[in-house]
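**Student:** Contents of start.cif (mmCIF, C-alpha atoms and all ligand atoms) are given next:
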data_query
loop_
_atom_site.label_atom_id
_atom_site.label_comp_id
_atom_site.auth_asym_id
_atom_site.auth_seq_id
_atom_site.Cartn_x
_atom_site.Cartn_y
_atom_site.Cartn_z
CA MET A 1251 13.53 17.98 29.60
CA LEU A 1252 15.87 17.46 26.63
CA ASN A 1253 14.84 13.86 26.66
CA ARG A 1254 11.16 14.83 26.50
CA ILE A 1255 11.77 17.20 23.56
CA PHE A 1256 13.71 14.48 21.82
CA ARG A 1257 10.90 11.99 22.44
CA SER A 1258 8.20 14.30 21.12
CA LEU A 1259 10.31 15.20 18.07
CA ASN A 1260 10.78 11.52 17.53
CA SER A 1261 7.09 10.76 17.70
CA LEU A 1262 6.34 13.73 15.43
CA ALA A 1263 8.80 12.33 12.89
CA LEU A 1264 7.18 8.91 13.21
CA SER A 1265 3.67 10.27 12.67
CA LEU A 1266 4.86 12.27 9.64
CA LEU A 1267 6.41 9.08 8.31
CA TRP A 1268 3.16 7.18 8.78
CA VAL A 1269 1.18 9.99 7.15
CA GLY A 1270 3.63 9.73 4.23
CA ILE A 1271 3.23 5.98 4.00
CA PHE A 1272 -0.56 6.20 4.31
CA PHE A 1273 -0.86 8.76 1.52
CA GLY A 1274 1.71 6.90 -0.51
CA LEU A 1275 -0.11 3.58 -0.33
CA SER A 1276 -3.60 5.05 -0.69
CA GLY A 1277 -2.34 7.02 -3.69
CA ILE A 1278 -1.17 3.89 -5.43
CA THR A 1279 -4.64 2.40 -5.50
CA SER A 1280 -6.58 5.49 -6.57
CA ASN A 1281 -6.85 7.09 -9.97
CA ARG A 1282 -6.63 10.66 -8.71
CA LEU A 1283 -3.74 11.00 -6.30
CA ASN A 1284 -3.26 14.70 -6.66
CA ALA A 1285 -4.01 17.44 -4.25
CA GLU A 1286 -4.46 20.80 -5.95
CA ASP A 1287 -0.85 21.92 -6.22
CA GLN A 1288 1.15 18.77 -6.85
CA VAL A 1289 2.66 17.08 -9.83
CA VAL A 1290 3.33 13.40 -9.23
CA LEU A 1291 5.95 11.45 -11.14
CA THR A 1292 5.88 7.67 -10.82
CA THR A 1293 8.72 5.65 -12.31
CA LEU A 1294 7.33 2.16 -12.66
CA HIS A 1295 9.50 -0.84 -11.95
CA VAL A 1296 9.32 -2.50 -15.35
CA SER A 1297 12.77 -4.18 -15.27
CA PRO A 1298 12.10 -7.07 -12.87
CA LYS A 1299 14.40 -9.64 -14.48
CA LEU A 1300 17.65 -9.12 -16.37
CA ALA A 1301 16.51 -6.78 -19.16
CA GLN A 1302 15.83 -3.09 -18.64
CA ALA A 1303 12.84 -0.92 -19.62
CA ASP A 1304 11.48 2.58 -18.95
CA CYS A 1305 8.05 3.88 -17.92
CA HIS A 1306 7.35 7.21 -16.21
CA LEU A 1307 3.87 8.54 -15.44
CA LEU A 1308 3.24 12.23 -14.77
CA GLU A 1309 -0.01 13.24 -13.08
CA PHE A 1310 -1.23 16.81 -12.89
CA PRO A 1311 -3.74 18.39 -10.49
CA ASP A 1312 -6.64 18.45 -12.97
CA GLY A 1313 -6.32 14.68 -13.45
CA SER A 1314 -4.49 14.99 -16.76
CA LYS A 1315 -1.73 12.47 -17.34
CA VAL A 1316 1.38 12.20 -19.48
CA LEU A 1317 3.28 8.95 -19.96
CA ILE A 1318 6.94 9.04 -20.91
CA ASP A 1319 7.78 5.61 -22.36
CA ALA A 1320 5.87 2.35 -22.13
CA GLY A 1321 8.79 -0.03 -22.27
CA LEU A 1322 8.96 -3.77 -22.40
CA GLY A 1323 12.07 -5.55 -21.18
CA VAL A 1324 12.68 -8.53 -23.47
CA ASP A 1325 12.41 -10.97 -20.56
CA ALA A 1326 9.81 -9.11 -18.50
CA PRO A 1327 6.29 -10.37 -17.84
CA ARG A 1328 4.26 -8.39 -20.38
CA ARG A 1329 1.49 -7.06 -18.22
CA ILE A 1330 3.27 -4.87 -15.66
CA ILE A 1331 2.17 -1.50 -17.07
CA VAL A 1332 -1.30 -2.73 -18.06
CA ASP A 1333 -1.84 -4.20 -14.59
CA TYR A 1334 -0.71 -0.98 -12.92
CA PHE A 1335 -3.15 1.07 -15.01
CA LYS A 1336 -5.97 -1.38 -14.20
CA LYS A 1337 -5.21 -1.23 -10.48
CA ARG A 1338 -5.20 2.56 -10.55
CA GLN A 1339 -8.24 2.63 -12.87
CA ILE A 1340 -6.43 4.93 -15.28
CA THR A 1341 -8.26 4.87 -18.59
CA PHE A 1342 -6.98 8.00 -20.34
CA LEU A 1343 -3.59 9.47 -21.14
CA ASP A 1344 -3.59 12.98 -22.55
CA LEU A 1345 -0.15 12.50 -24.03
CA VAL A 1346 2.35 9.70 -24.53
CA ILE A 1347 5.97 10.56 -25.26
CA ILE A 1348 8.08 7.73 -26.68
CA SER A 1349 11.60 8.86 -25.86
CA HIS A 1350 13.00 6.79 -28.74
CA CYS A 1351 12.06 3.78 -30.83
CA HIS A 1352 13.54 0.87 -28.90
CA LYS A 1353 11.13 -1.73 -27.52
CA ASP A 1354 12.34 -1.22 -23.96
CA HIS A 1355 10.78 2.26 -24.35
CA TYR A 1356 7.65 1.67 -26.49
CA GLY A 1357 7.02 -2.12 -26.50
CA GLU A 1358 3.98 -2.04 -24.21
CA LEU A 1359 2.15 0.87 -25.79
CA LEU A 1360 0.00 -1.29 -28.09
CA HIS A 1361 -0.95 -3.61 -25.24
CA LEU A 1362 -1.82 -0.67 -23.05
CA ILE A 1363 -4.13 0.79 -25.71
CA LYS A 1364 -5.62 -2.63 -26.49
CA SER A 1365 -6.36 -3.04 -22.78
CA GLY A 1366 -8.71 -0.06 -23.03
CA VAL A 1367 -6.54 2.95 -22.18
CA LYS A 1368 -7.40 5.86 -24.49
CA VAL A 1369 -4.57 8.12 -25.66
CA GLY A 1370 -4.93 11.74 -26.78
CA ARG A 1371 -1.75 12.00 -28.85
CA VAL A 1372 1.66 10.43 -29.17
CA ILE A 1373 4.98 12.23 -29.50
CA VAL A 1374 7.57 10.10 -31.26
CA ASN A 1375 10.83 10.60 -33.13
CA VAL A 1376 10.91 7.91 -35.81
CA PRO A 1377 14.52 7.19 -36.79
CA ASP A 1378 15.84 6.94 -40.32
CA PRO A 1379 15.30 3.38 -41.67
CA ILE A 1380 19.08 3.05 -42.14
CA PHE A 1381 19.32 2.22 -38.44
CA ASN A 1382 17.43 -0.98 -39.18
CA ASP A 1383 20.56 -2.27 -40.88
CA THR A 1384 23.03 -1.06 -38.28
CA GLU A 1385 21.19 -2.18 -35.14
CA THR A 1386 20.93 -5.92 -35.55
CA PHE A 1387 21.46 -6.73 -31.85
CA ALA A 1388 18.59 -7.96 -29.64
CA GLY A 1389 16.39 -5.01 -28.69
CA GLY A 1390 17.92 -2.85 -31.47
CA TYR A 1391 15.87 -0.71 -33.82
CA ASP A 1392 13.15 -2.74 -35.55
CA HIS A 1393 11.73 -0.59 -38.34
CA ARG A 1394 8.93 -3.04 -39.14
CA ASP A 1395 7.74 -3.24 -35.55
CA VAL A 1396 7.79 0.55 -35.25
CA GLN A 1397 5.72 0.81 -38.46
CA THR A 1398 3.23 -1.74 -37.05
CA THR A 1399 2.89 0.42 -33.95
CA LEU A 1400 2.45 3.60 -36.00
CA ASN A 1401 -0.14 1.91 -38.25
CA PHE A 1402 -2.06 0.77 -35.22
CA LEU A 1403 -2.07 4.30 -33.80
CA ALA A 1404 -3.31 5.63 -37.16
CA GLN A 1405 -6.13 3.04 -37.22
CA GLN A 1406 -7.11 4.14 -33.72
CA LYS A 1407 -7.07 7.75 -34.98
CA ILE A 1408 -4.47 8.69 -32.35
CA PRO A 1409 -2.44 11.59 -33.78
CA THR A 1410 1.34 11.24 -33.75
CA GLU A 1411 3.77 14.10 -33.97
CA THR A 1412 7.54 14.65 -34.10
CA PRO A 1413 8.42 17.70 -32.03
CA THR A 1414 11.30 20.13 -32.41
CA THR A 1415 13.88 21.45 -29.97
CA GLY A 1416 12.27 23.98 -27.65
CA GLN A 1417 8.71 22.84 -28.33
CA ARG A 1418 6.27 22.92 -25.42
CA LEU A 1419 4.61 19.54 -25.16
CA TRP A 1420 2.35 20.02 -22.16
CA ASN A 1421 1.29 23.09 -20.21
CA GLY A 1422 0.45 21.45 -16.90
CA SER A 1423 -3.31 21.04 -17.37
CA ARG A 1424 -5.91 20.58 -20.08
CA ASP A 1425 -6.88 24.25 -19.91
CA GLY A 1426 -3.24 25.36 -19.58
CA HIS A 1427 -3.92 27.16 -16.29
CA PHE A 1428 -1.64 25.09 -14.09
CA PRO A 1429 1.89 26.55 -14.10
CA ALA A 1430 3.89 23.46 -15.00
CA LEU A 1431 5.71 22.96 -18.27
CA LEU A 1432 7.01 20.00 -20.22
CA GLU A 1433 9.32 21.03 -23.04
CA VAL A 1434 11.83 19.56 -25.47
CA VAL A 1435 15.41 20.46 -24.52
CA TYR A 1436 16.94 18.85 -27.60
CA LEU A 1437 15.99 16.57 -30.45
CA TYR A 1438 17.51 15.44 -33.73
CA ASP A 1439 17.02 12.63 -36.21
CA GLY A 1440 20.22 10.80 -35.38
CA VAL A 1441 21.70 11.52 -38.80
CA HIS A 1442 21.71 15.22 -39.60
CA GLY A 1443 22.85 17.50 -36.85
CA PRO A 1444 25.76 19.57 -35.63
CA ASN A 1445 26.96 16.55 -33.68
CA GLY A 1446 26.90 14.28 -36.74
CA LYS A 1447 25.52 10.78 -37.04
CA GLY A 1448 24.70 8.93 -33.84
CA ASP A 1449 22.61 5.87 -33.03
CA VAL A 1450 18.94 5.38 -32.18
CA ASN A 1451 19.64 6.07 -28.50
CA ASP A 1452 20.80 9.53 -29.55
CA THR A 1453 17.41 10.18 -31.18
CA SER A 1454 16.00 10.29 -27.62
CA ILE A 1455 13.67 13.21 -27.08
CA ILE A 1456 15.29 15.08 -24.17
CA VAL A 1457 12.44 16.53 -22.15
CA ARG A 1458 12.34 18.81 -19.10
CA LEU A 1459 9.50 19.17 -16.62
CA SER A 1460 9.49 22.44 -14.68
CA TYR A 1461 7.15 23.16 -11.81
CA GLY A 1462 7.75 25.72 -9.08
CA LYS A 1463 11.38 25.43 -7.99
CA THR A 1464 11.86 21.90 -9.31
CA ARG A 1465 13.11 20.64 -12.64
CA VAL A 1466 13.16 17.06 -13.81
CA LEU A 1467 15.20 16.04 -16.85
CA PHE A 1468 14.14 12.98 -18.84
CA THR A 1469 16.93 11.71 -21.05
CA GLY A 1470 15.69 8.48 -22.63
CA ASP A 1471 18.83 6.52 -23.56
CA LEU A 1472 21.00 9.56 -24.31
CA ASN A 1473 24.40 8.24 -25.27
CA TYR A 1474 27.96 9.52 -25.12
CA LYS A 1475 28.14 11.44 -28.38
CA LEU A 1476 25.02 13.53 -28.00
CA GLY A 1477 25.54 13.76 -24.23
CA LYS A 1478 28.97 15.30 -24.88
CA TYR A 1479 27.55 17.69 -27.48
CA LEU A 1480 24.86 18.85 -25.04
CA ALA A 1481 27.38 19.26 -22.19
CA ASP A 1482 29.70 21.25 -24.49
CA ASN A 1483 26.77 23.49 -25.49
CA SER A 1484 25.11 23.84 -22.12
CA ASN A 1485 25.13 27.61 -22.58
CA ILE A 1486 22.53 27.02 -25.32
CA TYR A 1487 20.74 23.99 -23.91
CA ASP A 1488 20.12 24.53 -20.21
CA LEU A 1489 20.60 21.10 -18.67
CA ARG A 1490 20.35 21.94 -14.96
CA ALA A 1491 17.83 19.83 -13.08
CA ASP A 1492 17.10 18.79 -9.51
CA ILE A 1493 16.07 15.32 -10.58
CA LEU A 1494 17.67 13.38 -13.42
CA LYS A 1495 16.19 10.35 -15.13
CA VAL A 1496 19.60 8.78 -15.70
CA PRO A 1497 20.23 8.01 -19.40
CA HIS A 1498 20.40 4.50 -20.82
CA HIS A 1499 19.62 2.61 -17.61
CA GLY A 1500 23.02 3.77 -16.31
CA ALA A 1501 24.74 1.46 -18.82
CA GLU A 1502 28.13 2.22 -20.36
CA GLY A 1503 27.95 4.15 -23.58
CA LEU A 1504 25.69 6.64 -21.79
CA ALA A 1505 26.28 10.40 -21.62
CA PRO A 1506 29.72 11.37 -20.27
CA ASN A 1507 30.45 12.63 -16.77
CA GLU A 1508 30.54 16.24 -18.07
CA PHE A 1509 26.85 15.84 -18.83
CA PHE A 1510 26.16 14.80 -15.22
CA ASP A 1511 28.22 17.81 -14.07
CA LYS A 1512 26.07 20.19 -16.12
CA VAL A 1513 22.82 18.67 -14.88
CA ALA A 1514 24.10 18.61 -11.27
CA PRO A 1515 21.19 16.52 -10.01
CA LYS A 1516 20.32 16.15 -6.32
CA VAL A 1517 18.28 13.07 -7.07
CA ALA A 1518 18.89 10.45 -9.76
CA ILE A 1519 16.34 7.92 -10.97
CA VAL A 1520 17.56 4.83 -12.78
CA SER A 1521 15.31 2.37 -14.64
CA ALA A 1522 17.41 -0.76 -14.35
CA PRO A 1523 17.27 -4.24 -12.93
CA LYS A 1524 19.40 -4.88 -9.88
CA THR A 1525 21.84 -7.08 -11.82
CA LEU A 1526 22.56 -4.36 -14.37
CA TRP A 1527 22.96 -1.65 -11.74
CA PHE A 1528 25.54 -3.66 -9.82
CA SER A 1529 27.34 -4.82 -12.97
CA LEU A 1530 30.47 -3.36 -14.53
CA ARG A 1531 28.30 -1.81 -17.28
CA ASP A 1532 26.73 0.59 -14.76
CA LYS A 1533 29.89 1.20 -12.73
CA ARG A 1534 30.69 4.65 -14.13
CA ALA A 1535 27.17 5.97 -13.51
CA ARG A 1536 27.10 4.37 -10.06
CA ASP A 1537 30.46 5.87 -9.06
CA TYR A 1538 29.86 9.28 -10.60
CA LEU A 1539 26.41 9.79 -9.08
CA ASN A 1540 27.95 8.81 -5.78
CA HIS A 1541 30.75 11.35 -6.36
CA LEU A 1542 28.11 14.03 -7.11
CA LYS A 1543 26.30 13.00 -3.90
CA ALA A 1544 23.07 12.54 -5.83
CA LYS A 1545 20.55 10.45 -3.91
CA THR A 1546 20.05 7.59 -6.35
CA TYR A 1547 16.93 5.48 -6.72
CA VAL A 1548 17.03 2.35 -8.89
CA SER A 1549 13.79 0.63 -9.93
CA GLY A 1550 15.36 -2.81 -9.52
CA LEU A 1551 16.14 -2.01 -5.88
CA ASP A 1552 13.46 0.47 -4.92
CA ASN A 1553 10.52 -0.82 -6.98
CA ASP A 1554 8.20 2.03 -8.09
CA ILE A 1555 9.72 5.45 -7.38
CA ILE A 1556 7.24 8.22 -6.61
CA VAL A 1557 8.27 11.88 -6.70
CA THR A 1558 5.68 14.36 -5.48
CA ILE A 1559 6.52 17.86 -6.62
CA PHE A 1560 5.08 20.80 -4.72
CA LYS A 1561 5.67 24.41 -5.61
CA LYS A 1562 8.67 24.87 -3.33
CA TYR A 1563 9.98 21.36 -2.71
CA TYR A 1564 9.54 17.73 -3.58
CA THR A 1565 9.47 14.39 -1.82
CA VAL A 1566 10.60 10.99 -3.02
CA LYS A 1567 9.23 7.71 -1.79
CA THR A 1568 9.27 4.18 -3.10
CA THR A 1569 7.13 1.07 -2.88
CA SER A 1570 10.11 -1.02 -1.89
CA SER A 1571 9.56 -3.45 0.93
CA LYS A 1572 12.70 -2.03 2.51
CA PRO A 1573 11.93 0.00 5.64
CA GLN A 1574 10.41 3.29 4.45
CA VAL A 1575 12.51 5.17 6.97
CA LYS A 1576 15.37 4.85 4.48
CA GLN A 1577 13.27 6.82 2.00
CA GLU A 1578 12.95 9.98 4.06
CA PRO A 1579 11.33 12.85 2.17
CA LYS A 1580 13.90 14.70 0.16
CA VAL A 1581 13.51 18.44 0.31
CA ALA A 1582 15.00 20.54 -2.47
CA THR A 1583 14.95 24.22 -1.58
CA PRO A 1584 12.11 24.78 0.88
ZN ZN B 1601 16.56 1.66 -23.20
#
In structure tokens, what does this structure look like?

**Tutor:**
Amino acid sequence: MLNRIFRSLNSLALSLLWVGIFFGLSGITSNRLNAEDQVVLTTLHVSPKLAQADCHLLEFPDGSKVLIDAGLGVDAPRRIIVDYFKKRQITFLDLVIISHCHKDHYGELLHLIKSGVKVGRVIVNVPDPIFNDTETFAGGYDHRDVQTTLNFLAQQKIPTETPTTGQRLWNGSRDGHFPALLEVVYLYDGVHGPNGKGDVNDTSIIVRLSYGKTRVLFTGDLNYKLGKYLADNSNIYDLRADILKVPHHGAEGLAPNEFFDKVAPKVAIVSAPKTLWFSLRDKRARDYLNHLKAKTYVSGLDNDIIVTIFKKYYTVKTTSSKPQVKQEPKVATP
């Protein structure tokens, strides 16, 4: 008898798994993957070689879409994001948020628009030109390239806007009737602020998505100095989130462990190539997320990471060729 119950539970679990895989795979090839009450977050694997990059697509039930970052890794094949949009037949983004002005976060935006994707508006925090002189390393702030991008957006009549801390960026649907919210947790210009001068990574627009019981925190490349300031002032800036887009590809220099403590994520998403994730540079993030028992997904290992957020829980799956059974749905607070 017990055996029979076990067997039927087992086959139920298997069918649920297959249903998950079926919907997952069918979703990847269709433009509209939303049922009426879901928000879908897809972190695209755009760091296939040695260099890292970020790209996160949010899809809402009415078909509206928000893209957070359109990054280009310096050694990555250029067309990853464009090809994904073509495959999904996505031709319109209501909003694009560039977390900060490094190419691994905005470098593909022009190509995406030139490929035919229309964009409603762009949220961007353009750093002070002084950073052009201080960031001379590869992939550092390139004021001229950022101006070229901004000029192109102006020619295309795509409005750009710099938000402020607390600003609501997206209300969940075009008519604002869907109860999800994307808002700015913190933003400064990298120069003037209570935490003093930082670097371009610290100009990252820190954004939170809230829907039902789930919160997702997007941190761009938030570095140590601002990360410490936010952790020290978490009574003002509520950092708690179920899912954390780990800052700065997990690389050293990123927000301190106190920041991770304040967020207390159950799930962590890292945009990083495999080599970076397993390197010494990512060791602190790797160890600390492990210590926090956060289930960690890394684009370089898991490929695209797809979080489906329902009102009371969320699931995470990936397009990795690893057995999907390892990617069991993750339930927050049912
Ligand atoms: Zn970056």

**Student:** Around ligand ZN 1601 (chain B), at most 12 Å away and counting only C-alpha atoms and all ligand atoms, which residues are there? Put them as a count of residues only, please.

**Tutor:** 51

**Student:** Pick out the residues sitting within 12 Å of Lys1543 in chain A, and hand them over as a list in words; count only C-alpha atoms, and ignore anything fewer than 4 positions along from it in its own chain.

**Tutor:**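 My list of contacting residues is Phe1510, Asp1511, Ala1514, Pro1515, Lys1516, Val1517, Ala1518, Ala1535, Arg1536, Asp1537, Tyr1538 and Leu1539 of chain A.
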
**Student:** Please save C-alpha atoms of the selected residues as a CSV table (one decimal), in the coordinates of the input.

**Tutor:**
chain,number,residue,atom,x,y,z
A,1510,PHE,CA,26.2,14.8,-15.2
A,1511,ASP,CA,28.2,17.8,-14.1
A,1514,ALA,CA,24.1,18.6,-11.3
A,1515,PRO,CA,21.2,16.5,-10.0
A,1516,LYS,CA,20.3,16.2,-6.3
A,1517,VAL,CA,18.3,13.1,-7.1
A,1518,ALA,CA,18.9,10.4,-9.8
A,1535,ALA,CA,27.2,6.0,-13.5
A,1536,ARG,CA,27.1,4.4,-10.1
A,1537,ASP,CA,30.5,5.9,-9.1
A,1538,TYR,CA,29.9,9.3,-10.6
A,1539,LEU,CA,26.4,9.8,-9.1

**Student:** Tell me, in Å to one decimal, how far CA of Phe1310 in chain A is from CA of Phe1342 in chain A.

**Tutor:**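 So the answer is 12.9 Å.
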
**Student:** Between A:Asn1507, A:Asn1540, A:Ser1314, A:Gln1288, which has the minimum distance to Trp1420 in chain A (counting all atoms listed in the file)?

**Tutor:**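 Using all atoms listed in the file, Trp1420 in chain A sits closest to A:Ser1314.
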
**Student:** Please provide the set of residues having any atom within 6 Å of Ala1430 in chain A, restricted to only C-alpha atoms, with same-chain residues fewer than 2 positions apart removed, written as a list in words.

**Tutor:**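 With the cut-off at 6 Å, the set is Asn1421, Gly1422, Phe1428, Ser1460 and Tyr1461 of chain A.
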
**Student:** What's around Gly1446 in chain A at 10 Å? Count all atoms listed in the file, leave out sequence neighbours fewer than 4 positions away in its own chain, and write the answer as a PDB file with C-alpha atoms, keeping the file's coordinate frame.

**Tutor:**
ATOM      1  CA  TYR A1438      17.510  15.440 -33.730  1.00  0.00           C
ATOM      2  CA  GLY A1440      20.220  10.800 -35.380  1.00  0.00           C
ATOM      3  CA  VAL A1441      21.700  11.520 -38.800  1.00  0.00           C
ATOM      4  CA  HIS A1442      21.710  15.220 -39.600  1.00  0.00           C
ATOM      5  CA  LYS A1475      28.140  11.440 -28.380  1.00  0.00           C
ATOM      6  CA  LEU A1476      25.020  13.530 -28.000  1.00  0.00           C
ATOM      7  CA  TYR A1479      27.550  17.690 -27.480  1.00  0.00           C
TER       8      TYR A1479
END

**Student:** Tell me, in Å to one decimal, how far CA of Leu1345 in chain A is from CA of Val1316 in chain A.

**Tutor:**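 It comes out at 4.8 Å.
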
**Student:** Which centre and edge lengths in Å to one decimal define the box along x, y and z that fits every listed atom of range 1469-1484 of chain A plus 4 Å per side, as AutoDock Vina command-line options?

**Tutor:**
--center_x 22.7 --center_y 15.2 --center_z -24.7 --size_x 22.0 --size_y 25.3 --size_z 15.3

**Student:** In terms of the shortest atom-to-atom distance over all atoms listed in the file, which of A:Leu1307, A:Asn1485, A:Gln1339, A:Lys1299 is closest to Ile1556 in chain A?

**Tutor:**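 Closest to Ile1556 in chain A, using all atoms listed in the file: A:Leu1307.
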
**Student:** Excluding Pro1298 in chain A and residues on its chain fewer than 5 positions from it, collect all residues at most 10 Å away from it, counting all atoms listed in the file, and give them as JSON, numbers by chain.

**Tutor:** {"A": [1303, 1323, 1325, 1326, 1327, 1330, 1522, 1523, 1524, 1525, 1549, 1550, 1551, 1553]}

**Student:** Just to confirm, what's the straight-line distance from CA of Lys1478 in chain A to CA of Val1435 in chain A in Å (one decimal)?

**Tutor:** 14.5 Å

**Student:** Using only C-alpha atoms, which of the listed residues (A:Ser1571, A:Asp1488, A:Thr1293, A:Lys1463) sits closest to Val1557 in chain A?

**Tutor:**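 Checking each candidate against Val1557 in chain A, we get A:Thr1293 as the closest.
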
**Student:** Given only C-alpha atoms as the basis, pick out the residue of A:Leu1300, A:Leu1360, A:Val1548, A:Ile1455 nearest to Thr1569 in chain A.

**Tutor:**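 Distance minimum relative to Thr1569 in chain A lands on A:Val1548.
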